[in-house]
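Working notes for the structure below.
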Amino acid sequence: MATDVKDERTSSETYETAHEKSSVFYDLYERKSDLKQQTHYCPGCGHGVVHKLIAEALQDLDLQDRTIFVSPVGCSVFAYYYFDVGNVQVAHGRAPAAATGIKRACPEKIVISYQGDGDLAAIGTAEIVHAANRGEKITVFFINNGIYGMTGGQMAPTTLVGQKSTTSPFGRRPANEGFPIHMAELLATLQAPVYVERVALCDNKNIMRARRAVRKALELQRDGAGFSFVEILSPCPTIWGKEPVAARNWVLEKMVPEFPLAVFRDRKEPLPANGAPPQRPVAEVLGINQGINNNGNGRRTQPFKGLSINIAGFGGQGVLLLGQLLAEMGTEQGLEVSWLPSYGPEMRSGSAHCWVTLSKSRIGSPLTAKPDVLIAMNEVSLRKFADQVPSGGFILYNGHTLPEDFPMPQAQVYCIPASAIADKLGSAKAANIVMMGAMLEETGCFEPSTATRFLEAKVKNPTLLEIDIKAITAGCDAVDHQVNLGPVSQPDGFA
Amino acid sequence: MAARGKVTISVDECKGCGLCVESCPPKCLELAEELSPYGVHPARYTGSECTGCGICFYCCPEPGAITVYRLAPPAKKTSTLVAEPVAP
Ligand SMILES: Cc1ncc(C[n+]2csc(CCOP(=O)(O)OP(=O)(O)O)c2C)c(N)n1
Ligand code: SF4
């Protein structure tokens, strides 16, 4: 009896929830004092749909607690009132830059840059192109509604040819305003992105495709794959002056022919590895670095805070190179660094000098009027710059003794015959490295062993490397066996 | 026989855009004649024919306006959250 079977089903009839508001959304949106249960989007706006797709994916993939959502300027500026995740709202067009910083500082977070077409394809063109080109491991959701919604309907770079807007009242004319920009295609010309797709909220089938694309982009980020980008053609009924259903159809009829729906990039093979950018936990960068102030000889007991150095000498003495090496080592050690070579005719011959700053805090200016340290590779430089070093700083002079007529400066002076030492080691060119050793020993800003490791990675010629390593030690020894000249106190960097 | 699915629509959240009505394959949603307290004609379920496909949920821009239910299967069934509705 067929009816009996039916009856049985009816009697045990219970429903279970299949689709409901995602727990990634806040229960109530605190933006306004009333209507806290509704978003601020217009009826039929695509932003809400994309929000739901993102929220659902974050929930299903269990990413809510590690997501940081970067809201743009545009109608979606208030996205942070809806998503119960980490939120940042940034200046117009800058979301990919902010997302870059966040992702690099917190690589374990899922960082989403959510942007409209005015935001991403107009004022923010540079940011998105370069974030994509660098292959930042973020996910960008690009809501292309062909118009500036928030500000009342100005032409966007994505506005269709012939489409009217407040700033193209007779319809967009390519001769005057250019052609619509295809961001997905444009970014897919770059090598780094791993996933680029365009989808559209134009009918049921395509909304479900958009759902898959959103999910896939987030999965790729979760797996650390690289830059993922989903462009979503989206209705803006209000500005288009259309009913929601008509607007949705307009996406299909008008936008899709101009902006074809396709997967433009779906990289399966990993990107050629060419060295991951240096990444350290934030705490480590801010805290005491192991390589720093640990030279063990008890010379420095105060924590290292920073150092400004002026290195000067003849062109060819490796003055600029020494500066560069120190700056690179500082970078490797997680310090803020700057290296400012003095360019000009002195680059050809004659004297050359550069300023280097190594600091635990942000560097205001790479130029220092009062360096903590002067490395004077010749007499001319000594005479020219010695006065700039304040008391408490020190001068490393490349010579056995100070010139006879030279007045004792306010800073402490070490005479290190670096050229002579280097010459004995096998190459007078290593005089700069002798000075490096001396400086490291005196300041304790890096361990001499850190410098040795650094040079090992840098200097390819084994003979030169050997000389350089000996030069560091010789420089350290030279300082240790010095009788200091001038007032003895500590440079400003060790307050 | 009970419908395979069921929809509830929160009058407080519906903005009356009508996208769910348009997208519902068995056409079992409609806009109400009367206005909601917010001045729109909210969507409502006609009370029959829902298959529980969920497409209205995805077409609706409001996070919580629509909830879709499915008739519980007689035996065990795991998470329905990740089950993708079949677009018509
Ligand atoms: C620096 C700056 N320039 C201009 C503006 C004005 N402005 C606000 S939103 C917007 C365009 C938004 O359009 P879109 O990114 O397409 O987002 P939609 O509102 O369409 O979602 C502009 C130009 C601004 N807020 N800041
Ligand atoms: S103006 Fe357009 S983009 Fe902005 S909320 Fe309204 S429909 Fe959405």
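Following the order of the structure tokens, first chain is A, next is B, and so on, with residues numbered from 1 inside each chain and ligands from 1 in the order they appear.
Neighbouring residues of Val40 of chain B at 6 Å or closer, counting only C-alpha atoms and skipping chain neighbours under 3 positions away, are Gly16, Leu35 and Ser36 of chain B.
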Q: Enumerate residues in contact with ligand 2: an atom-to-atom distance of at most 6 Å, counting only C-alpha atoms and all ligand atoms. Format the result as a count of residues only.
A: 11
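Shortest atom-to-atom contact with ligand 1 among A:Ile416, A:Ala175, A:Ile232, A:Ile54: A:Ile232, counting only C-alpha atoms and all ligand atoms.
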Q: Residues within 7 Å of ligand 1 should be enumerated using only C-alpha atoms and all ligand atoms and returned as a VMD selection string.
A: chain A and resid 73 to 76 91 to 92 115 to 120 143 to 151 156
Q.
When you count only C-alpha atoms, which of these residues is closest to Glu62 of chain B: A:Glu197, A:Glu20, A:Glu13, A:Glu379?
A. A:Glu20
Residues of chain B within 8 Å of chain A: nearest atom pair and distance (Å, one decimal) for each, counting only C-alpha atoms, sorted by chain and number, as a Markdown table?
```
| residue | atom | partner | partner_atom | distance |
| --- | --- | --- | --- | --- |
| B:Met1 | CA | A:Thr10 | CA | 5.8 |
| B:Ala2 | CA | A:Thr10 | CA | 6.0 |
| B:Gly5 | CA | A:Tyr15 | CA | 7.5 |
| B:Lys6 | CA | A:Tyr15 | CA | 7.7 |
| B:Asp12 | CA | A:Gln37 | CA | 7.1 |
| B:Glu13 | CA | A:Gln38 | CA | 5.4 |
| B:Lys15 | CA | A:Pro43 | CA | 5.5 |
| B:Gly16 | CA | A:Pro43 | CA | 6.9 |
| B:Cys17 | CA | A:Pro43 | CA | 5.0 |
| B:Gly18 | CA | A:Val245 | CA | 6.9 |
| B:Leu19 | CA | A:Val245 | CA | 5.9 |
| B:Glu22 | CA | A:Val245 | CA | 7.1 |
| B:Ser23 | CA | A:Asn204 | CA | 6.4 |
| B:Gly52 | CA | A:Ala18 | CA | 7.5 |
| B:Gly54 | CA | A:His19 | CA | 6.5 |
| B:Ile55 | CA | A:Asn204 | CA | 6.7 |
| B:Phe57 | CA | A:His19 | CA | 6.8 |
| B:Tyr58 | CA | A:Val49 | CA | 6.6 |
| B:Cys59 | CA | A:Val49 | CA | 6.5 |
| B:Cys60 | CA | A:Val49 | CA | 6.4 |
| B:Pro61 | CA | A:Gly48 | CA | 4.0 |
| B:Glu62 | CA | A:Gly48 | CA | 5.8 |
| B:Pro63 | CA | A:Lys21 | CA | 5.3 |
| B:Gly64 | CA | A:Lys21 | CA | 4.4 |
| B:Ala65 | CA | A:Lys21 | CA | 7.8 |
| B:Ile66 | CA | A:Glu20 | CA | 6.8 |
| B:Thr67 | CA | A:Glu20 | CA | 4.6 |
| B:Val68 | CA | A:His19 | CA | 5.0 |
| B:Tyr69 | CA | A:Thr17 | CA | 4.3 |
| B:Arg70 | CA | A:Tyr15 | CA | 5.2 |
| B:Leu71 | CA | A:Tyr15 | CA | 4.3 |
| B:Ala72 | CA | A:Tyr15 | CA | 5.0 |
| B:Thr80 | CA | A:Ala18 | CA | 5.7 |
| B:Leu81 | CA | A:Ala18 | CA | 6.1 |
| B:Val82 | CA | A:Asp60 | CA | 7.0 |
| B:Ala87 | CA | A:Lys205 | CA | 5.3 |
| B:Pro88 | CA | A:Lys205 | CA | 7.1 |
```
So that I have them on file, write out the residues from the current selection with N, CA and C atoms, as an mmCIF file, in the first residue's frame.
```
data_model
loop_
_atom_site.group_PDB
_atom_site.id
_atom_site.type_symbol
_atom_site.label_atom_id
_atom_site.label_comp_id
_atom_site.auth_asym_id
_atom_site.auth_seq_id
_atom_site.Cartn_x
_atom_site.Cartn_y
_atom_site.Cartn_z
ATOM 1 N N MET B 1 1.444 14.791 1.860
ATOM 2 C CA MET B 1 2.881 14.599 2.021
ATOM 3 C C MET B 1 3.541 15.945 2.259
ATOM 4 N N ALA B 2 4.500 15.989 3.204
ATOM 5 C CA ALA B 2 5.179 17.243 3.520
ATOM 6 C C ALA B 2 6.139 17.593 2.405
ATOM 7 N N GLY B 5 11.245 20.692 1.537
ATOM 8 C CA GLY B 5 11.939 21.801 2.196
ATOM 9 C C GLY B 5 10.970 22.818 2.749
ATOM 10 N N LYS B 6 11.551 23.799 3.389
ATOM 11 C CA LYS B 6 10.734 24.829 4.024
ATOM 12 C C LYS B 6 11.587 26.080 4.127
ATOM 13 N N ASP B 12 11.854 41.305 9.582
ATOM 14 C CA ASP B 12 12.717 42.383 10.070
ATOM 15 C C ASP B 12 13.931 42.608 9.182
ATOM 16 N N GLU B 13 14.292 41.573 8.432
ATOM 17 C CA GLU B 13 15.511 41.679 7.636
ATOM 18 C C GLU B 13 15.249 41.815 6.143
ATOM 19 N N LYS B 15 14.310 43.148 2.673
ATOM 20 C CA LYS B 15 14.184 44.479 2.086
ATOM 21 C C LYS B 15 13.286 44.465 0.854
ATOM 22 N N GLY B 16 12.670 43.329 0.610
ATOM 23 C CA GLY B 16 11.691 43.242 -0.473
ATOM 24 C C GLY B 16 12.269 43.357 -1.874
ATOM 25 N N CYS B 17 13.536 42.972 -2.053
ATOM 26 C CA CYS B 17 14.149 43.128 -3.378
ATOM 27 C C CYS B 17 13.579 42.158 -4.390
ATOM 28 N N GLY B 18 13.063 41.017 -3.928
ATOM 29 C CA GLY B 18 12.409 40.081 -4.847
ATOM 30 C C GLY B 18 13.334 39.105 -5.543
ATOM 31 N N LEU B 19 14.642 39.149 -5.231
ATOM 32 C CA LEU B 19 15.566 38.237 -5.908
ATOM 33 C C LEU B 19 15.271 36.774 -5.577
ATOM 34 N N GLU B 22 12.366 35.560 -7.672
ATOM 35 C CA GLU B 22 12.816 35.319 -9.036
ATOM 36 C C GLU B 22 13.609 34.014 -9.153
ATOM 37 N N SER B 23 14.424 33.734 -8.124
ATOM 38 C CA SER B 23 15.355 32.622 -8.281
ATOM 39 C C SER B 23 14.773 31.273 -7.862
ATOM 40 N N GLY B 52 13.872 22.710 -0.687
ATOM 41 C CA GLY B 52 15.016 22.877 0.216
ATOM 42 C C GLY B 52 16.324 23.065 -0.529
ATOM 43 N N GLY B 54 17.846 25.711 -1.498
ATOM 44 C CA GLY B 54 18.686 26.733 -0.867
ATOM 45 C C GLY B 54 19.129 27.852 -1.784
ATOM 46 N N ILE B 55 18.702 27.837 -3.023
ATOM 47 C CA ILE B 55 19.219 28.863 -3.933
ATOM 48 C C ILE B 55 18.740 30.264 -3.531
ATOM 49 N N PHE B 57 18.484 31.325 -0.637
ATOM 50 C CA PHE B 57 19.384 31.780 0.423
ATOM 51 C C PHE B 57 20.605 32.474 -0.180
ATOM 52 N N TYR B 58 21.159 31.896 -1.229
ATOM 53 C CA TYR B 58 22.367 32.460 -1.824
ATOM 54 C C TYR B 58 22.094 33.691 -2.671
ATOM 55 N N CYS B 59 20.877 33.813 -3.188
ATOM 56 C CA CYS B 59 20.552 34.987 -3.997
ATOM 57 C C CYS B 59 20.170 36.172 -3.135
ATOM 58 N N CYS B 60 19.784 35.915 -1.905
ATOM 59 C CA CYS B 60 19.355 36.987 -1.007
ATOM 60 C C CYS B 60 20.572 37.707 -0.449
ATOM 61 N N PRO B 61 20.631 39.021 -0.582
ATOM 62 C CA PRO B 61 21.806 39.750 -0.079
ATOM 63 C C PRO B 61 21.855 39.904 1.445
ATOM 64 N N GLU B 62 20.761 39.669 2.128
ATOM 65 C CA GLU B 62 20.785 39.882 3.576
ATOM 66 C C GLU B 62 21.274 38.629 4.295
ATOM 67 N N PRO B 63 22.229 38.797 5.215
ATOM 68 C CA PRO B 63 22.810 37.627 5.857
ATOM 69 C C PRO B 63 21.793 36.692 6.495
ATOM 70 N N GLY B 64 20.793 37.267 7.146
ATOM 71 C CA GLY B 64 19.926 36.391 7.930
ATOM 72 C C GLY B 64 18.455 36.430 7.545
ATOM 73 N N ALA B 65 18.124 37.008 6.389
ATOM 74 C CA ALA B 65 16.704 37.165 6.062
ATOM 75 C C ALA B 65 16.029 35.820 5.777
ATOM 76 N N ILE B 66 16.752 34.937 5.130
ATOM 77 C CA ILE B 66 16.156 33.656 4.726
ATOM 78 C C ILE B 66 16.829 32.506 5.465
ATOM 79 N N THR B 67 16.019 31.592 5.966
ATOM 80 C CA THR B 67 16.556 30.339 6.481
ATOM 81 C C THR B 67 15.866 29.218 5.724
ATOM 82 N N VAL B 68 16.663 28.275 5.274
ATOM 83 C CA VAL B 68 16.105 27.165 4.497
ATOM 84 C C VAL B 68 16.243 25.873 5.296
ATOM 85 N N TYR B 69 15.190 25.113 5.312
ATOM 86 C CA TYR B 69 15.191 23.838 6.049
ATOM 87 C C TYR B 69 14.964 22.702 5.069
ATOM 88 N N ARG B 70 15.454 21.551 5.442
ATOM 89 C CA ARG B 70 15.177 20.360 4.646
ATOM 90 C C ARG B 70 14.547 19.301 5.541
ATOM 91 N N LEU B 71 13.695 18.546 4.918
ATOM 92 C CA LEU B 71 13.086 17.449 5.646
ATOM 93 C C LEU B 71 14.197 16.532 6.113
ATOM 94 N N ALA B 72 14.171 16.218 7.391
ATOM 95 C CA ALA B 72 15.249 15.383 7.918
ATOM 96 C C ALA B 72 15.157 14.008 7.285
ATOM 97 N N THR B 80 24.863 19.267 6.738
ATOM 98 C CA THR B 80 24.203 19.722 5.522
ATOM 99 C C THR B 80 24.802 21.043 5.066
ATOM 100 N N LEU B 81 25.639 21.589 5.925
ATOM 101 C CA LEU B 81 26.168 22.919 5.625
ATOM 102 C C LEU B 81 26.953 22.966 4.333
ATOM 103 N N VAL B 82 27.755 21.933 4.135
ATOM 104 C CA VAL B 82 28.611 21.968 2.964
ATOM 105 C C VAL B 82 27.927 21.387 1.723
ATOM 106 N N ALA B 87 21.780 23.970 -8.681
ATOM 107 C CA ALA B 87 21.170 25.085 -9.389
ATOM 108 C C ALA B 87 20.376 24.547 -10.559
ATOM 109 N N PRO B 88 19.230 25.119 -10.789
ATOM 110 C CA PRO B 88 18.390 24.615 -11.883
ATOM 111 C C PRO B 88 19.010 25.005 -13.242
#
```
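Put simply, atom CA of Gln410 of chain A is 21.5 Å away from atom CA of Cys354 of chain A.
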Q) Near Pro107 of chain A, counting only C-alpha atoms, which residues have an atom at most 9 Å away, once you skip same-chain residues fewer than 4 positions from it, shown as a VMD selection string? A) chain A and resid 102 to 103 111 137 224 279
Include N, CA and C atoms and write out the residues we just selected as an mmCIF file, in the first residue's frame.
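Once everything was written out, this is part.cif:
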```
data_model
loop_
_atom_site.group_PDB
_atom_site.id
_atom_site.type_symbol
_atom_site.label_atom_id
_atom_site.label_comp_id
_atom_site.auth_asym_id
_atom_site.auth_seq_id
_atom_site.Cartn_x
_atom_site.Cartn_y
_atom_site.Cartn_z
ATOM 1 N N ILE A 102 49.881 43.254 6.717
ATOM 2 C CA ILE A 102 49.295 42.379 7.739
ATOM 3 C C ILE A 102 49.743 40.941 7.505
ATOM 4 N N LYS A 103 49.669 40.514 6.248
ATOM 5 C CA LYS A 103 50.003 39.119 5.961
ATOM 6 C C LYS A 103 51.487 38.847 6.228
ATOM 7 N N VAL A 111 44.163 36.730 5.272
ATOM 8 C CA VAL A 111 43.983 38.163 5.058
ATOM 9 C C VAL A 111 43.188 38.383 3.765
ATOM 10 N N LYS A 137 50.520 36.615 -0.368
ATOM 11 C CA LYS A 137 49.663 35.454 -0.109
ATOM 12 C C LYS A 137 48.346 35.866 0.527
ATOM 13 N N GLY A 224 48.533 28.339 1.866
ATOM 14 C CA GLY A 224 49.765 29.092 1.649
ATOM 15 C C GLY A 224 50.189 29.171 0.194
ATOM 16 N N GLN A 279 61.200 36.410 7.349
ATOM 17 C CA GLN A 279 60.004 36.569 8.148
ATOM 18 C C GLN A 279 60.309 36.156 9.573
#
```
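Distances from B:Tyr38, B:Glu33, B:Cys28, B:Cys20 to Cys50 of chain B were compared using only C-alpha atoms, and the smallest one belongs to B:Cys28.
Going from atom CA of Cys24 of chain B over to atom CA of Ala247 of chain A, you cover 17.1 Å.
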Q | DSSP strand (DSSP E or B) selection over segment 99-150 of chain A, as a PyMOL selection string | A | chain A and resi 110-116+139-144+147-148
For the residues in that selection, give me N, CA, C and O atoms as a PDB file, in the first residue's frame.
```pdb
ATOM      1  N   ILE A 110      44.553  34.649   7.821  1.00  0.00           N
ATOM      2  CA  ILE A 110      43.908  34.677   6.509  1.00  0.00           C
ATOM      3  C   ILE A 110      43.550  36.138   6.253  1.00  0.00           C
ATOM      4  O   ILE A 110      42.742  36.714   6.984  1.00  0.00           O
ATOM      5  N   VAL A 111      44.163  36.730   5.272  1.00  0.00           N
ATOM      6  CA  VAL A 111      43.983  38.163   5.058  1.00  0.00           C
ATOM      7  C   VAL A 111      43.188  38.383   3.765  1.00  0.00           C
ATOM      8  O   VAL A 111      43.579  37.926   2.691  1.00  0.00           O
ATOM      9  N   ILE A 112      42.059  39.083   3.932  1.00  0.00           N
ATOM     10  CA  ILE A 112      41.153  39.316   2.811  1.00  0.00           C
ATOM     11  C   ILE A 112      41.134  40.799   2.474  1.00  0.00           C
ATOM     12  O   ILE A 112      40.924  41.635   3.351  1.00  0.00           O
ATOM     13  N   SER A 113      41.368  41.108   1.228  1.00  0.00           N
ATOM     14  CA  SER A 113      41.213  42.475   0.755  1.00  0.00           C
ATOM     15  C   SER A 113      39.922  42.513  -0.060  1.00  0.00           C
ATOM     16  O   SER A 113      39.803  41.822  -1.069  1.00  0.00           O
ATOM     17  N   TYR A 114      38.963  43.307   0.395  1.00  0.00           N
ATOM     18  CA  TYR A 114      37.651  43.351  -0.247  1.00  0.00           C
ATOM     19  C   TYR A 114      37.500  44.729  -0.879  1.00  0.00           C
ATOM     20  O   TYR A 114      37.597  45.738  -0.186  1.00  0.00           O
ATOM     21  N   GLN A 115      37.301  44.794  -2.184  1.00  0.00           N
ATOM     22  CA  GLN A 115      37.353  46.104  -2.839  1.00  0.00           C
ATOM     23  C   GLN A 115      36.344  46.257  -3.970  1.00  0.00           C
ATOM     24  O   GLN A 115      36.080  45.307  -4.698  1.00  0.00           O
ATOM     25  N   GLY A 116      35.871  47.475  -4.131  1.00  0.00           N
ATOM     26  CA  GLY A 116      35.021  47.800  -5.273  1.00  0.00           C
ATOM     27  C   GLY A 116      35.875  48.181  -6.473  1.00  0.00           C
ATOM     28  O   GLY A 116      37.109  48.218  -6.402  1.00  0.00           O
ATOM     29  N   THR A 139      44.035  37.129  -0.263  1.00  0.00           N
ATOM     30  CA  THR A 139      42.923  36.887  -1.172  1.00  0.00           C
ATOM     31  C   THR A 139      42.206  38.202  -1.413  1.00  0.00           C
ATOM     32  O   THR A 139      41.875  38.912  -0.464  1.00  0.00           O
ATOM     33  N   VAL A 140      41.982  38.511  -2.679  1.00  0.00           N
ATOM     34  CA  VAL A 140      41.306  39.755  -3.022  1.00  0.00           C
ATOM     35  C   VAL A 140      39.954  39.422  -3.635  1.00  0.00           C
ATOM     36  O   VAL A 140      39.872  38.635  -4.577  1.00  0.00           O
ATOM     37  N   PHE A 141      38.900  40.003  -3.057  1.00  0.00           N
ATOM     38  CA  PHE A 141      37.581  39.909  -3.665  1.00  0.00           C
ATOM     39  C   PHE A 141      37.264  41.268  -4.263  1.00  0.00           C
ATOM     40  O   PHE A 141      37.240  42.287  -3.554  1.00  0.00           O
ATOM     41  N   PHE A 142      37.070  41.259  -5.555  1.00  0.00           N
ATOM     42  CA  PHE A 142      36.922  42.491  -6.321  1.00  0.00           C
ATOM     43  C   PHE A 142      35.487  42.584  -6.820  1.00  0.00           C
ATOM     44  O   PHE A 142      35.072  41.823  -7.695  1.00  0.00           O
ATOM     45  N   ILE A 143      34.732  43.502  -6.237  1.00  0.00           N
ATOM     46  CA  ILE A 143      33.317  43.633  -6.578  1.00  0.00           C
ATOM     47  C   ILE A 143      33.197  44.660  -7.697  1.00  0.00           C
ATOM     48  O   ILE A 143      33.303  45.863  -7.474  1.00  0.00           O
ATOM     49  N   ASN A 144      32.955  44.151  -8.885  1.00  0.00           N
ATOM     50  CA  ASN A 144      32.870  45.017 -10.063  1.00  0.00           C
ATOM     51  C   ASN A 144      31.404  45.272 -10.379  1.00  0.00           C
ATOM     52  O   ASN A 144      30.723  44.411 -10.921  1.00  0.00           O
ATOM     53  N   ILE A 147      30.636  50.942 -11.520  1.00  0.00           N
ATOM     54  CA  ILE A 147      30.255  52.308 -11.157  1.00  0.00           C
ATOM     55  C   ILE A 147      30.785  52.628  -9.760  1.00  0.00           C
ATOM     56  O   ILE A 147      31.137  51.718  -9.024  1.00  0.00           O
ATOM     57  N   TYR A 148      30.855  53.923  -9.429  1.00  0.00           N
ATOM     58  CA  TYR A 148      31.109  54.294  -8.036  1.00  0.00           C
ATOM     59  C   TYR A 148      29.755  54.338  -7.341  1.00  0.00           C
ATOM     60  O   TYR A 148      28.980  55.264  -7.561  1.00  0.00           O
TER      61      TYR A 148
END
```
(Q) Applying 8 Å and only C-alpha atoms, which residues near Ala32 of chain B remain after dropping the ones on its own chain fewer than 5 positions away? List them as an MDAnalysis selection string. (A) chainID B and resid 41:44
Go ahead and write the selection's residues with N, CA, C and O atoms as a PDB file, in the first residue's frame.
```pdb
ATOM      1  N   HIS B  41       7.429  45.326   0.650  1.00  0.00           N
ATOM      2  CA  HIS B  41       6.639  44.098   0.552  1.00  0.00           C
ATOM      3  C   HIS B  41       7.595  42.937   0.778  1.00  0.00           C
ATOM      4  O   HIS B  41       8.375  42.601  -0.115  1.00  0.00           O
ATOM      5  N   PRO B  42       7.564  42.336   1.936  1.00  0.00           N
ATOM      6  CA  PRO B  42       8.552  41.292   2.209  1.00  0.00           C
ATOM      7  C   PRO B  42       8.210  39.991   1.479  1.00  0.00           C
ATOM      8  O   PRO B  42       7.054  39.738   1.156  1.00  0.00           O
ATOM      9  N   ALA B  43       9.238  39.220   1.251  1.00  0.00           N
ATOM     10  CA  ALA B  43       9.012  37.916   0.617  1.00  0.00           C
ATOM     11  C   ALA B  43       8.360  36.973   1.623  1.00  0.00           C
ATOM     12  O   ALA B  43       8.524  37.126   2.836  1.00  0.00           O
ATOM     13  N   ARG B  44       7.642  36.015   1.108  1.00  0.00           N
ATOM     14  CA  ARG B  44       7.107  34.988   2.006  1.00  0.00           C
ATOM     15  C   ARG B  44       6.948  33.671   1.257  1.00  0.00           C
ATOM     16  O   ARG B  44       6.829  33.639   0.029  1.00  0.00           O
TER      17      ARG B  44
END
```
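Our summary of the geometry notes that atom CA of Ala471 of chain A is positioned 6.4 Å from atom CA of Ala422 of chain A.
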Q | Residues flagged helix (DSSP H, G or I) by DSSP in segment 328-433 of chain A, as JSON, numbers by chain | A | {"A": [328, 329, 330, 331, 332, 345, 346, 347, 379, 380, 381, 382, 383, 384, 385, 386, 387, 388, 418, 419, 420, 421, 422, 423, 424, 425, 428, 429, 430, 431, 432, 433]}
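Residues in contact range of Ser419 of chain A, defined as at most 8 Å between only C-alpha atoms, with sequence neighbours fewer than 5 positions away removed, read Asn398, Gly399, Ala428, Lys429, Ala430 and Ala431 of chain A.
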**Q.** Contact residues around segment 307-317 of chain A with only C-alpha atoms at 9 Å, ignoring same-chain residues under 2 positions, as a ChimeraX atom specification
**A.** /A:304-305,319-323,346-359,366-368,370-382,385,428-432,443,445,491-494
